$ cat work_20.tsv   # TSV, C-alpha atoms
chain	number	residue	atom	x	y	z
A	1	MET	CA	-26.30	14.66	-3.33
A	2	SER	CA	-26.12	16.47	0.00
A	3	ASP	CA	-28.18	19.47	1.05
A	4	GLY	CA	-25.07	20.83	2.77
A	5	ALA	CA	-26.25	20.23	6.34
A	6	ASN	CA	-23.67	21.30	8.91
A	7	PRO	CA	-22.84	18.15	10.95
A	8	LEU	CA	-22.91	20.14	14.18
A	9	ASP	CA	-26.39	21.46	13.34
A	10	SER	CA	-27.46	17.87	12.64
A	11	PHE	CA	-26.14	16.63	15.98
A	12	GLU	CA	-27.77	19.45	17.92
A	13	GLN	CA	-31.08	18.83	16.15
A	14	GLN	CA	-30.93	15.15	17.07
A	15	VAL	CA	-30.34	16.04	20.72
A	16	GLU	CA	-33.29	18.43	20.69
A	17	ASN	CA	-35.52	15.84	19.01
A	18	ALA	CA	-34.79	13.33	21.76
A	19	ALA	CA	-35.06	15.90	24.53
A	20	ALA	CA	-38.73	16.37	23.63
A	21	TYR	CA	-39.34	12.86	25.03
A	22	LEU	CA	-37.39	13.40	28.27
A	23	ASP	CA	-37.90	15.43	31.42
A	24	VAL	CA	-34.91	17.73	30.99
A	25	THR	CA	-34.17	21.41	31.57
A	26	PRO	CA	-32.91	23.80	28.87
A	27	GLY	CA	-29.57	23.92	30.67
A	28	GLU	CA	-29.23	20.15	30.56
A	29	ILE	CA	-29.99	20.16	26.85
A	30	GLU	CA	-27.30	22.77	26.22
A	31	ARG	CA	-24.85	20.75	28.29
A	32	LEU	CA	-25.43	17.77	26.01
A	33	LYS	CA	-25.05	19.85	22.85
A	34	GLN	CA	-21.80	21.63	23.72
A	35	PRO	CA	-18.27	20.19	23.98
A	36	GLU	CA	-16.33	20.58	27.19
A	37	ARG	CA	-13.28	21.84	25.31
A	38	VAL	CA	-11.80	22.04	21.82
A	39	LEU	CA	-8.10	22.36	21.09
A	40	SER	CA	-7.24	23.93	17.73
A	41	ALA	CA	-3.65	23.86	16.52
A	42	ASN	CA	-1.58	24.96	13.54
A	43	LEU	CA	0.93	22.24	12.82
A	44	SER	CA	4.13	23.51	11.22
A	45	VAL	CA	5.82	20.53	9.58
A	46	GLU	CA	8.94	20.19	7.42
A	47	MET	CA	8.37	18.43	4.09
A	48	ASP	CA	10.80	16.08	2.37
A	49	ASP	CA	12.10	18.92	0.20
A	50	GLY	CA	12.87	21.10	3.23
A	51	SER	CA	9.87	23.41	2.84
A	52	LEU	CA	7.40	24.10	5.65
A	53	GLU	CA	3.66	23.50	5.49
A	54	LEU	CA	0.96	24.42	8.00
A	55	PHE	CA	-1.99	22.15	8.80
A	56	ASP	CA	-5.17	22.94	10.70
A	57	ALA	CA	-5.67	20.35	13.43
A	58	TYR	CA	-8.33	19.79	16.09
A	59	ARG	CA	-9.27	17.67	19.10
A	60	SER	CA	-12.72	17.97	20.67
A	61	GLN	CA	-13.68	16.52	24.05
A	62	HIS	CA	-17.44	16.48	24.26
A	63	ASN	CA	-18.63	14.90	27.50
A	64	GLY	CA	-16.53	13.12	30.09
A	65	GLU	CA	-19.23	12.31	32.63
A	66	ARG	CA	-19.00	8.54	32.04
A	67	GLY	CA	-15.23	8.16	31.67
A	68	PRO	CA	-12.19	9.15	29.57
A	69	HIS	CA	-12.89	10.74	26.21
A	70	LYS	CA	-12.69	8.37	23.26
A	71	GLY	CA	-12.70	8.94	19.52
A	72	GLY	CA	-10.85	8.69	16.26
A	73	VAL	CA	-8.51	10.99	14.37
A	74	ARG	CA	-9.32	11.60	10.70
A	75	TYR	CA	-7.14	12.97	7.90
A	76	HIS	CA	-9.25	14.60	5.22
A	77	PRO	CA	-9.25	17.90	3.25
A	78	GLY	CA	-12.82	18.54	4.41
A	79	VAL	CA	-12.06	18.44	8.15
A	80	THR	CA	-13.54	21.43	10.02
A	81	ARG	CA	-13.93	22.41	13.65
A	82	ASP	CA	-17.71	21.95	13.48
A	83	GLU	CA	-17.33	18.48	12.00
A	84	VAL	CA	-14.91	17.39	14.72
A	85	VAL	CA	-17.15	18.80	17.47
A	86	ALA	CA	-20.20	17.03	16.01
A	87	LEU	CA	-18.33	13.75	15.74
A	88	SER	CA	-17.22	14.03	19.37
A	89	GLY	CA	-20.86	14.56	20.34
A	90	TRP	CA	-21.92	11.49	18.40
A	91	MET	CA	-19.19	9.55	20.21
A	92	SER	CA	-20.58	10.60	23.60
A	93	VAL	CA	-24.03	9.40	22.60
A	94	LYS	CA	-22.67	6.24	20.95
A	95	CYS	CA	-20.64	5.17	23.96
A	96	ALA	CA	-23.58	5.77	26.30
A	97	ALA	CA	-25.95	3.95	23.94
A	98	VAL	CA	-23.97	0.71	24.11
A	99	GLY	CA	-23.01	1.10	27.76
A	100	LEU	CA	-19.30	1.90	27.46
A	101	PRO	CA	-17.66	3.88	30.31
A	102	TYR	CA	-16.33	6.53	27.96
A	103	GLY	CA	-17.04	10.10	26.99
A	104	GLY	CA	-16.89	11.39	23.45
A	105	GLY	CA	-13.82	12.71	21.70
A	106	LYS	CA	-12.72	13.29	18.11
A	107	GLY	CA	-9.77	14.69	16.24
A	108	GLY	CA	-8.79	15.64	12.74
A	109	ILE	CA	-6.19	17.22	10.49
A	110	ARG	CA	-7.18	19.05	7.32
A	111	LEU	CA	-5.12	17.41	4.58
A	112	ASP	CA	-5.28	14.92	1.73
A	113	PRO	CA	-2.95	12.12	2.87
A	114	GLY	CA	-2.54	10.95	-0.72
A	115	GLU	CA	-0.50	14.07	-1.43
A	116	TYR	CA	2.20	13.30	1.16
A	117	SER	CA	4.91	10.68	1.55
A	118	ALA	CA	4.99	8.21	4.42
A	119	THR	CA	7.82	10.14	6.08
A	120	GLU	CA	5.87	13.39	5.77
A	121	LEU	CA	2.77	11.77	7.24
A	122	GLU	CA	4.83	10.47	10.13
A	123	ARG	CA	6.14	13.96	10.89
A	124	ILE	CA	2.61	15.40	10.61
A	125	THR	CA	1.23	12.72	12.92
A	126	ARG	CA	3.98	13.14	15.51
A	127	SER	CA	3.50	16.91	15.41
A	128	TYR	CA	-0.20	16.36	16.07
A	129	ALA	CA	0.62	14.06	19.01
A	130	VAL	CA	2.93	16.70	20.50
A	131	GLU	CA	0.26	19.41	20.25
A	132	MET	CA	-2.45	17.14	21.67
A	133	ARG	CA	-0.24	15.82	24.47
A	134	PRO	CA	-1.91	18.00	27.16
A	135	LEU	CA	-5.27	16.35	26.38
A	136	ILE	CA	-4.52	12.72	25.55
A	137	GLY	CA	-3.53	9.80	27.75
A	138	PRO	CA	-4.93	6.43	28.88
A	139	ASP	CA	-7.01	8.03	31.63
A	140	GLN	CA	-7.87	11.26	29.79
A	141	ASP	CA	-8.53	10.91	26.06
A	142	ILE	CA	-7.76	7.88	23.91
A	143	PRO	CA	-7.42	8.46	20.13
A	144	ALA	CA	-8.20	5.77	17.56
A	145	PRO	CA	-8.23	5.34	13.76
A	146	ASP	CA	-10.82	7.09	11.62
A	147	VAL	CA	-11.04	8.23	8.00
A	148	ASN	CA	-7.63	7.80	6.29
A	149	THR	CA	-5.83	6.72	9.48
A	150	GLY	CA	-5.06	3.27	10.82
A	151	GLN	CA	-2.64	1.16	12.83
A	152	ARG	CA	0.39	2.98	11.48
A	153	GLU	CA	-0.76	6.42	12.64
A	154	MET	CA	-1.86	5.08	16.03
A	155	ASN	CA	1.54	3.48	16.58
A	156	TRP	CA	3.21	6.83	15.77
A	157	ILE	CA	0.97	8.67	18.26
A	158	LYS	CA	1.60	6.03	20.93
A	159	ASP	CA	5.37	6.13	20.43
A	160	THR	CA	5.45	9.94	20.54
A	161	TYR	CA	3.42	10.06	23.75
A	162	GLU	CA	5.46	7.32	25.44
A	163	THR	CA	8.75	8.97	24.44
A	164	LEU	CA	7.71	12.39	25.77
A	165	GLU	CA	6.24	10.95	28.96
A	166	ASN	CA	9.13	8.48	29.43
A	167	THR	CA	6.68	5.66	30.05
A	168	THR	CA	5.08	2.60	28.51
A	169	ALA	CA	1.36	3.21	28.01
A	170	PRO	CA	-0.20	1.08	25.26
A	171	GLY	CA	-3.68	2.23	26.35
A	172	THR	CA	-2.89	5.76	25.13
A	173	VAL	CA	-4.42	4.86	21.76
A	174	THR	CA	-6.48	2.00	20.36
A	175	GLY	CA	-6.61	0.48	16.91
A	176	LYS	CA	-2.95	-0.50	17.17
A	177	ALA	CA	-1.22	-3.40	15.46
A	178	ILE	CA	-1.46	-6.64	17.47
A	179	GLN	CA	2.27	-6.68	18.27
A	180	SER	CA	1.97	-3.12	19.63
A	181	GLY	CA	-0.85	-3.96	22.02
A	182	GLY	CA	-3.79	-4.09	19.63
A	183	SER	CA	-6.80	-6.36	19.97
A	184	GLU	CA	-7.99	-9.30	17.95
A	185	GLY	CA	-11.12	-8.38	16.00
A	186	ARG	CA	-10.54	-4.62	15.97
A	187	VAL	CA	-10.03	-4.21	12.21
A	188	VAL	CA	-13.38	-5.83	11.35
A	189	ALA	CA	-15.32	-4.56	14.37
A	190	THR	CA	-17.26	-1.75	12.69
A	191	GLY	CA	-18.37	-3.96	9.83
A	192	ARG	CA	-19.33	-6.69	12.31
A	193	SER	CA	-21.60	-4.34	14.27
A	194	VAL	CA	-23.25	-3.31	10.99
A	195	MET	CA	-23.96	-6.96	10.24
A	196	LEU	CA	-25.22	-7.63	13.78
A	197	SER	CA	-27.49	-4.56	13.68
A	198	SER	CA	-28.86	-5.64	10.30
A	199	ARG	CA	-29.51	-9.16	11.57
A	200	GLU	CA	-31.32	-7.87	14.66
A	201	LEU	CA	-33.40	-5.47	12.57
A	202	PHE	CA	-34.54	-8.18	10.18
A	203	ASP	CA	-35.31	-10.53	13.09
A	204	HIS	CA	-37.35	-7.77	14.73
A	205	LEU	CA	-39.25	-7.18	11.49
A	206	GLY	CA	-39.93	-10.92	11.12
A	207	ARG	CA	-37.73	-11.18	8.06
A	208	ASP	CA	-34.79	-13.42	7.20
A	209	ILE	CA	-31.48	-11.65	6.59
A	210	SER	CA	-30.38	-14.60	4.43
A	211	GLU	CA	-33.05	-13.65	1.89
A	212	ALA	CA	-32.09	-9.95	1.75
A	213	THR	CA	-30.58	-8.05	-1.15
A	214	VAL	CA	-28.02	-5.45	-0.07
A	215	ALA	CA	-26.42	-2.30	-1.52
A	216	VAL	CA	-23.34	-0.88	0.19
A	217	GLN	CA	-22.29	2.71	-0.46
A	218	GLY	CA	-18.59	3.02	0.38
A	219	TYR	CA	-16.12	0.15	0.12
A	220	GLY	CA	-13.53	1.12	2.68
A	221	ASN	CA	-12.95	-0.88	5.83
A	222	ALA	CA	-16.47	-0.63	7.28
A	223	GLY	CA	-18.31	-1.12	4.00
A	224	SER	CA	-16.21	-3.97	2.68
A	225	VAL	CA	-16.25	-5.89	5.97
A	226	ALA	CA	-20.00	-5.35	6.36
A	227	ALA	CA	-20.53	-6.63	2.81
A	228	ARG	CA	-18.45	-9.74	3.47
A	229	LEU	CA	-20.15	-10.54	6.78
A	230	LEU	CA	-23.63	-9.96	5.37
A	231	ASP	CA	-22.69	-12.28	2.51
A	232	ASP	CA	-21.52	-14.85	5.09
A	233	ALA	CA	-24.94	-14.49	6.78
A	234	GLY	CA	-26.61	-15.47	3.51
A	235	ALA	CA	-27.59	-12.03	2.20
A	236	THR	CA	-26.95	-11.16	-1.46
A	237	VAL	CA	-24.79	-8.09	-2.01
A	238	VAL	CA	-25.94	-6.72	-5.36
A	239	ALA	CA	-24.15	-3.35	-5.46
A	240	VAL	CA	-21.17	-1.56	-3.92
A	241	SER	CA	-19.46	1.77	-4.55
A	242	ASP	CA	-16.43	3.86	-3.69
A	243	SER	CA	-15.33	7.38	-4.56
A	244	ALA	CA	-14.78	6.37	-8.22
A	245	GLY	CA	-18.28	5.02	-8.83
A	246	ALA	CA	-20.55	2.02	-8.28
A	247	ILE	CA	-21.03	-1.48	-9.65
A	248	HIS	CA	-24.22	-3.55	-9.74
A	249	SER	CA	-24.98	-7.21	-10.41
A	250	PRO	CA	-28.58	-8.36	-9.76
A	251	GLY	CA	-27.36	-11.92	-9.32
A	252	GLY	CA	-24.97	-10.89	-6.56
A	253	LEU	CA	-21.34	-9.87	-6.13
A	254	ASP	CA	-18.67	-11.77	-4.24
A	255	PRO	CA	-17.37	-9.22	-1.67
A	256	ASP	CA	-13.95	-10.86	-1.38
A	257	THR	CA	-13.39	-10.87	-5.14
A	258	VAL	CA	-14.52	-7.24	-5.37
A	259	GLY	CA	-12.10	-6.42	-2.56
A	260	GLU	CA	-9.25	-8.08	-4.46
A	261	HIS	CA	-10.16	-6.08	-7.57
A	262	LYS	CA	-10.14	-2.84	-5.56
A	263	ALA	CA	-6.79	-3.73	-4.00
A	264	GLU	CA	-5.32	-4.27	-7.48
A	265	THR	CA	-6.88	-1.31	-9.29
A	266	GLY	CA	-7.66	1.15	-6.50
A	267	GLN	CA	-11.40	1.18	-7.23
A	268	VAL	CA	-14.42	-1.09	-7.51
A	269	THR	CA	-15.39	0.19	-10.96
A	270	GLY	CA	-14.24	-1.96	-13.85
A	271	PHE	CA	-15.11	-5.14	-11.97
A	272	PRO	CA	-15.86	-7.84	-14.60
A	273	GLU	CA	-19.45	-8.84	-15.26
A	274	ALA	CA	-20.89	-5.94	-13.28
A	275	GLU	CA	-22.91	-2.96	-14.50
A	276	GLN	CA	-21.42	0.48	-13.86
A	277	LEU	CA	-23.62	2.89	-11.89
A	278	THR	CA	-23.37	6.33	-10.37
A	279	ASP	CA	-23.27	6.56	-6.60
A	280	GLU	CA	-26.71	8.16	-6.61
A	281	ALA	CA	-28.12	5.31	-8.67
A	282	LEU	CA	-26.80	2.82	-6.12
A	283	LEU	CA	-28.50	4.72	-3.30
A	284	THR	CA	-31.85	4.47	-5.06
A	285	LEU	CA	-31.71	0.77	-6.00
A	286	ASP	CA	-34.67	-1.43	-5.11
A	287	VAL	CA	-33.04	-3.52	-2.36
A	288	ASP	CA	-34.02	-4.92	1.01
A	289	LEU	CA	-31.13	-3.25	2.85
A	290	LEU	CA	-29.11	-0.11	2.11
A	291	VAL	CA	-25.84	0.39	3.99
A	292	PRO	CA	-24.43	3.93	3.60
A	293	ALA	CA	-20.78	3.49	4.60
A	294	ALA	CA	-19.11	6.56	3.07
A	295	LEU	CA	-18.93	10.09	4.54
A	296	GLY	CA	-21.62	12.16	6.22
A	297	ASN	CA	-24.58	13.86	4.54
A	298	ALA	CA	-24.63	11.31	1.71
A	299	ILE	CA	-28.44	11.21	1.66
A	300	ASP	CA	-30.46	14.42	1.70
A	301	ALA	CA	-34.22	14.92	1.56
A	302	GLY	CA	-34.34	14.65	-2.22
A	303	LEU	CA	-32.52	11.35	-2.31
A	304	ALA	CA	-34.54	10.08	0.65
A	305	SER	CA	-37.69	10.67	-1.38
A	306	ASP	CA	-36.27	8.49	-4.16
A	307	LEU	CA	-34.96	5.67	-1.94
A	308	ARG	CA	-36.44	2.27	-2.75
A	309	ALA	CA	-34.65	0.30	-0.04
A	310	ASP	CA	-36.87	-1.35	2.58
A	311	THR	CA	-34.42	-0.64	5.41
A	312	VAL	CA	-31.31	1.46	6.10
A	313	VAL	CA	-28.45	0.60	8.46
A	314	GLU	CA	-25.92	3.43	8.88
A	315	ALA	CA	-22.28	2.34	8.76
A	316	ALA	CA	-20.95	5.88	8.26
A	317	ASN	CA	-21.22	8.71	10.78
A	318	GLY	CA	-24.18	10.96	9.96
A	319	PRO	CA	-24.92	9.70	6.43
A	320	LEU	CA	-28.50	11.03	6.61
A	321	THR	CA	-29.29	14.70	6.99
A	322	PRO	CA	-32.06	15.61	9.48
A	323	ALA	CA	-34.33	16.42	6.53
A	324	ALA	CA	-33.67	12.96	5.08
A	325	ASP	CA	-34.54	11.42	8.43
A	326	THR	CA	-37.88	13.21	8.35
A	327	VAL	CA	-38.65	11.92	4.87
A	328	LEU	CA	-37.78	8.32	5.72
A	329	ASN	CA	-39.85	8.51	8.91
A	330	GLU	CA	-42.83	9.69	6.91
A	331	ARG	CA	-42.26	6.84	4.45
A	332	GLU	CA	-41.98	4.36	7.35
A	333	ILE	CA	-38.56	3.13	6.25
A	334	PRO	CA	-36.75	1.94	9.41
A	335	VAL	CA	-33.24	3.28	9.97
A	336	VAL	CA	-30.78	1.76	12.46
A	337	PRO	CA	-28.71	4.80	13.46
A	338	ASP	CA	-24.96	5.10	13.27
A	339	ILE	CA	-24.61	5.32	17.05
A	340	LEU	CA	-25.54	1.64	17.22
A	341	ALA	CA	-24.76	0.24	13.78
A	342	ASN	CA	-21.13	1.39	13.65
A	343	ALA	CA	-20.48	1.17	17.40
A	344	GLY	CA	-18.40	-1.97	16.91
A	345	GLY	CA	-15.27	0.09	16.35
A	346	VAL	CA	-15.39	1.96	19.66
A	347	THR	CA	-16.65	-1.15	21.47
A	348	VAL	CA	-13.68	-3.28	20.48
A	349	SER	CA	-11.44	-0.25	21.07
A	350	TYR	CA	-12.78	-0.35	24.63
A	351	PHE	CA	-11.91	-4.05	24.81
A	352	GLU	CA	-8.41	-3.21	23.55
A	353	TRP	CA	-8.01	-0.51	26.21
A	354	VAL	CA	-9.19	-2.94	28.92
A	355	GLN	CA	-6.68	-5.53	27.72
A	356	ASN	CA	-3.92	-2.90	27.75
A	357	ARG	CA	-4.77	-1.94	31.32
A	358	GLN	CA	-4.89	-5.60	32.37
A	359	ARG	CA	-1.73	-6.45	30.40
A	360	PHE	CA	-3.64	-9.50	29.21
A	361	SER	CA	-4.90	-10.42	25.73
A	362	TRP	CA	-8.34	-11.80	24.90
A	363	SER	CA	-9.07	-14.44	22.28
A	364	LEU	CA	-10.92	-13.51	19.09
A	365	SER	CA	-13.89	-15.60	20.18
A	366	ARG	CA	-14.19	-13.64	23.44
A	367	VAL	CA	-13.97	-10.32	21.58
A	368	ASP	CA	-16.68	-11.39	19.12
A	369	GLU	CA	-18.94	-12.74	21.87
A	370	GLU	CA	-18.68	-9.58	23.99
A	371	LEU	CA	-19.25	-7.37	20.95
A	372	GLU	CA	-22.35	-9.31	19.93
A	373	ARG	CA	-23.74	-9.09	23.46
A	374	LEU	CA	-23.39	-5.31	23.65
A	375	ILE	CA	-24.80	-4.66	20.16
A	376	VAL	CA	-27.79	-6.94	20.80
A	377	GLU	CA	-28.41	-5.28	24.19
A	378	GLY	CA	-28.18	-1.87	22.52
A	379	PHE	CA	-30.69	-2.89	19.86
A	380	GLU	CA	-33.09	-4.23	22.48
A	381	ALA	CA	-32.81	-1.02	24.53
A	382	MET	CA	-33.52	1.02	21.40
A	383	VAL	CA	-36.63	-0.97	20.51
A	384	ALA	CA	-37.88	-0.84	24.10
A	385	ALA	CA	-37.43	2.94	24.21
A	386	GLU	CA	-39.24	3.39	20.90
A	387	ARG	CA	-42.23	1.58	22.39
A	388	SER	CA	-42.20	3.16	25.85
A	389	GLN	CA	-41.40	6.70	24.72
A	390	GLU	CA	-43.47	6.42	21.54
A	391	THR	CA	-40.70	8.06	19.54
A	392	PRO	CA	-41.07	8.48	15.77
A	393	ASP	CA	-37.94	6.50	14.90
A	394	TYR	CA	-35.11	4.37	16.21
A	395	ARG	CA	-32.62	7.24	16.23
A	396	THR	CA	-34.68	9.37	18.59
A	397	ALA	CA	-35.37	6.32	20.76
A	398	LEU	CA	-31.69	5.43	21.14
A	399	TYR	CA	-30.81	9.07	21.81
A	400	THR	CA	-33.24	9.07	24.73
A	401	VAL	CA	-31.49	5.99	26.14
A	402	ALA	CA	-28.03	7.54	25.76
A	403	MET	CA	-29.02	11.00	27.00
A	404	GLU	CA	-30.65	9.58	30.13
A	405	ARG	CA	-27.42	7.71	30.90
A	406	LEU	CA	-25.32	10.84	30.36
A	407	LEU	CA	-27.63	12.98	32.50
A	408	ASP	CA	-27.73	10.34	35.25
A	409	ALA	CA	-23.92	10.33	35.37
A	410	ALA	CA	-23.87	14.13	35.49
A	411	GLY	CA	-26.46	14.17	38.26
A	412	GLU	CA	-24.50	11.68	40.33
A	413	SER	CA	-21.32	13.75	39.94
A	414	GLY	CA	-22.97	17.08	40.67
A	415	VAL	CA	-21.62	20.46	39.56
A	416	TRP	CA	-18.28	21.64	40.94
A	417	PRO	CA	-17.66	24.42	41.71
$ encode --input "work_20.tsv" --output "structure tokens"
Amino acid sequence: MSDGANPLDSFEQQVENAAAYLDVTPGEIERLKQPERVLSANLSVEMDDGSLELFDAYRSQHNGERGPHKGGVRYHPGVTRDEVVALSGWMSVKCAAVGLPYGGGKGGIRLDPGEYSATELERITRSYAVEMRPLIGPDQDIPAPDVNTGQREMNWIKDTYETLENTTAPGTVTGKAIQSGGSEGRVVATGRSVMLSSRELFDHLGRDISEATVAVQGYGNAGSVAARLLDDAGATVVAVSDSAGAIHSPGGLDPDTVGEHKAETGQVTGFPEAEQLTDEALLTLDVDLLVPAALGNAIDAGLASDLRADTVVEAANGPLTPAADTVLNEREIPVVPDILANAGGVTVSYFEWVQNRQRFSWSLSRVDEELERLIVEGFEAMVAAERSQETPDYRTALYTVAMERLLDAAGESGVWP
């Protein structure tokens, strides 16, 4: 399915593509491509049986010109240094694209969490927090959930930091449980920004989202929430998938019922009255909107050539390889890039951090209203840049917006020493 593109190569190529439309020096381009620092650690953790295991762990801080670094922590056997660095770069661009006063950060531990008990995962997480302690903090670098992590892991990181620092600092992490200082609307935020981006795209194209057919690849948090909210907007979700396979029903699927089936069985396959498909078959269905919401590099040039979707809205980070981007551009299939479409997560994380600093909680309606405003403004800035810069696609256009904001902040700060 993937052509094996290195995520860091993909990020650097995207920066270079956008730089061609800006008045920037080679040094400024390199500054935007490289992280400020990367901490690599070997976590030595005792297992339940008394044995010791070592885990490769990383935290990358990409660009802090606009504020504290911000980004998730993922647990996955495929985690690499290059992946974490690339993801931190995408976070820098994403935060700048939607106007958040953050820099980019990202972290990860190479492991399959399904192979460890809850007590082992707690020890692994607390060990990670100890090793990352010199980098993290509410004014330095604020971790958040990512692949295979959630409220539980964030609460463990927060408690470890607060214990070691002998303080109370709920803004050390975001994505926490409500009773631990979390925000209303955070769990569904990424899926909501996917829905909002899709709605804005269809409005811009003069089409009605309520008449759209939708296929969603990946039925985790982002994909399932996006499916439900698109269904609420009147769209017809005809296919969804997870790591076990895909299901398809031309007449439409009820996202909530599919979610209940997945909660009971662990997978979407086997859902009654739905055709079983391969993941690749889902990606090439004839639909109005395709939402890739799984891992990166899901769609390579070959698959892009076979895509029959009218539009693509990226819920995952980096689901298209650069070669796939080129193919879809040539085919004039519009793609709303991940740095806008899935920016809801970091945006509501920012709202959570603000609430933590204010020691005051916002209502759900305020969170949703502020999120919608920033996503709509981001979409409008992207479309305006595509027209003014005459870029070949939305991704390059939004990168020019974000990179100009990052370079402006760097220019205002100067270089010291």
$ residues_around --input "work_20.tsv" --residues "A:Leu39" --least-positions-apart "4" --cutoff "9 Å" --atoms "all atoms listed in the file" --output "list in words"
Ala57, Tyr58, Arg59, Ser60, Gln61, Glu131, Met132 and Leu135 of chain A
$ atom_distance --input "work_20.tsv" --atom1 "atom CA of A:Met195" --atom2 "atom CA of A:Val216"
11.8 Å
$ residues_around --input "work_20.tsv" --residues "A:Ser127" --least-positions-apart "5" --cutoff "9 Å" --atoms "all atoms listed in the file" --output "list in words"
Leu43, Ser44, Val45, Glu122, Met132 and Thr160 of chain A
$ closest_atom_pairs --input "work_20.tsv" --of "stretch 82-198 of chain A" --to "stretch 380-404 of chain A" --cutoff "6 Å" --atoms "only C-alpha atoms" --output "JSON lines"
{"residue": "A:Val93", "atom": "CA", "partner": "A:Ala402", "partner_atom": "CA", "distance": 5.4}
{"residue": "A:Ala96", "atom": "CA", "partner": "A:Ala402", "partner_atom": "CA", "distance": 4.8}
{"residue": "A:Ala97", "atom": "CA", "partner": "A:Ala402", "partner_atom": "CA", "distance": 4.5}
$ residues_near_point --input "work_20.tsv" --point "(-28.5, 6.9, 15.7)" --cutoff "6 Å" --atoms "only C-alpha atoms" --output "list in words"
Pro337, Asp338, Ile339 and Arg395 of chain A
$ closest_atom_pairs --input "work_20.tsv" --of "stretch 365-389 of chain A" --to "stretch 98-117 of chain A" --cutoff "10 Å" --atoms "only C-alpha atoms" --output "JSON lines"
{"residue": "A:Leu371", "atom": "CA", "partner": "A:Val98", "partner_atom": "CA", "distance": 9.9}
{"residue": "A:Arg373", "atom": "CA", "partner": "A:Val98", "partner_atom": "CA", "distance": 9.8}
{"residue": "A:Leu374", "atom": "CA", "partner": "A:Val98", "partner_atom": "CA", "distance": 6.1}
{"residue": "A:Ile375", "atom": "CA", "partner": "A:Val98", "partner_atom": "CA", "distance": 6.7}
{"residue": "A:Val376", "atom": "CA", "partner": "A:Val98", "partner_atom": "CA", "distance": 9.2}
{"residue": "A:Glu377", "atom": "CA", "partner": "A:Val98", "partner_atom": "CA", "distance": 7.5}
{"residue": "A:Gly378", "atom": "CA", "partner": "A:Val98", "partner_atom": "CA", "distance": 5.2}
{"residue": "A:Phe379", "atom": "CA", "partner": "A:Val98", "partner_atom": "CA", "distance": 8.7}
{"residue": "A:Ala381", "atom": "CA", "partner": "A:Val98", "partner_atom": "CA", "distance": 9.0}
{"residue": "A:Met382", "atom": "CA", "partner": "A:Val98", "partner_atom": "CA", "distance": 9.9}
$ write_last_selection --input "work_20.tsv" --atoms "C-alpha atoms" --output "PDB file, keeping the file's coordinate frame"
ATOM      1  CA  LEU A 371     -19.250  -7.370  20.950  1.00  0.00           C
ATOM      2  CA  ARG A 373     -23.740  -9.090  23.460  1.00  0.00           C
ATOM      3  CA  LEU A 374     -23.390  -5.310  23.650  1.00  0.00           C
ATOM      4  CA  ILE A 375     -24.800  -4.660  20.160  1.00  0.00           C
ATOM      5  CA  VAL A 376     -27.790  -6.940  20.800  1.00  0.00           C
ATOM      6  CA  GLU A 377     -28.410  -5.280  24.190  1.00  0.00           C
ATOM      7  CA  GLY A 378     -28.180  -1.870  22.520  1.00  0.00           C
ATOM      8  CA  PHE A 379     -30.690  -2.890  19.860  1.00  0.00           C
ATOM      9  CA  ALA A 381     -32.810  -1.020  24.530  1.00  0.00           C
ATOM     10  CA  MET A 382     -33.520   1.020  21.400  1.00  0.00           C
TER      11      MET A 382
END
$ residues_around --input "work_20.tsv" --residues "A:Gln267" --least-positions-apart "5" --cutoff "9 Å" --atoms "only C-alpha atoms" --output "ChimeraX atom specification"
/A:219,241-245,259,261-262
$ residues_around --input "work_20.tsv" --residues "A:Val15" --least-positions-apart "6" --cutoff "8 Å" --atoms "all atoms listed in the file" --output "PyMOL selection string"
chain A and resi 29+32-33+399
$ atom_distance --input "work_20.tsv" --atom1 "atom CA of A:Val268" --atom2 "atom CA of A:Val240"
7.7 Å
$ closest_residue --input "work_20.tsv" --among "A:Gly171, A:Gly72, A:Pro334, A:Gly318" --to "A:Asp288" --atoms "only C-alpha atoms"
A:Pro334
$ closest_residue --input "work_20.tsv" --among "A:Leu164, A:Val238, A:Met47, A:Ile136" --to "A:Leu121" --atoms "only C-alpha atoms"
A:Met47
$ atom_distance --input "work_20.tsv" --atom1 "atom CA of A:Leu328" --atom2 "atom CA of A:Val312"
9.4 Å
$ closest_residue --input "work_20.tsv" --among "A:Leu54, A:Leu253, A:Val225, A:Val354" --to "A:Val291" --atoms "all atoms listed in the file"
A:Val225
$ closest_residue --input "work_20.tsv" --among "A:Leu320, A:Val173, A:Ala235, A:Leu283" --to "A:Leu307" --atoms "all atoms listed in the file"
A:Leu283
$ closest_residue --input "work_20.tsv" --among "A:Asp146, A:Glu16, A:Asp368, A:Glu352" --to "A:Gly181" --atoms "all atoms listed in the file"
A:Glu352
$ residues_around --input "work_20.tsv" --residues "A:Pro255" --least-positions-apart "5" --cutoff "8 Å" --atoms "all atoms listed in the file" --output "VMD selection string"
chain A and resid 224 227 to 228 231 237
$ closest_residue --input "work_20.tsv" --among "A:Gln140, A:Asn17, A:Ser249, A:Thr284" --to "A:Pro272" --atoms "only C-alpha atoms"
A:Ser249
$ residues_near_point --input "work_20.tsv" --point "(-21.8, -1.5, 9.9)" --cutoff "12 Å" --atoms "all atoms listed in the file" --output "count of residues only"
50
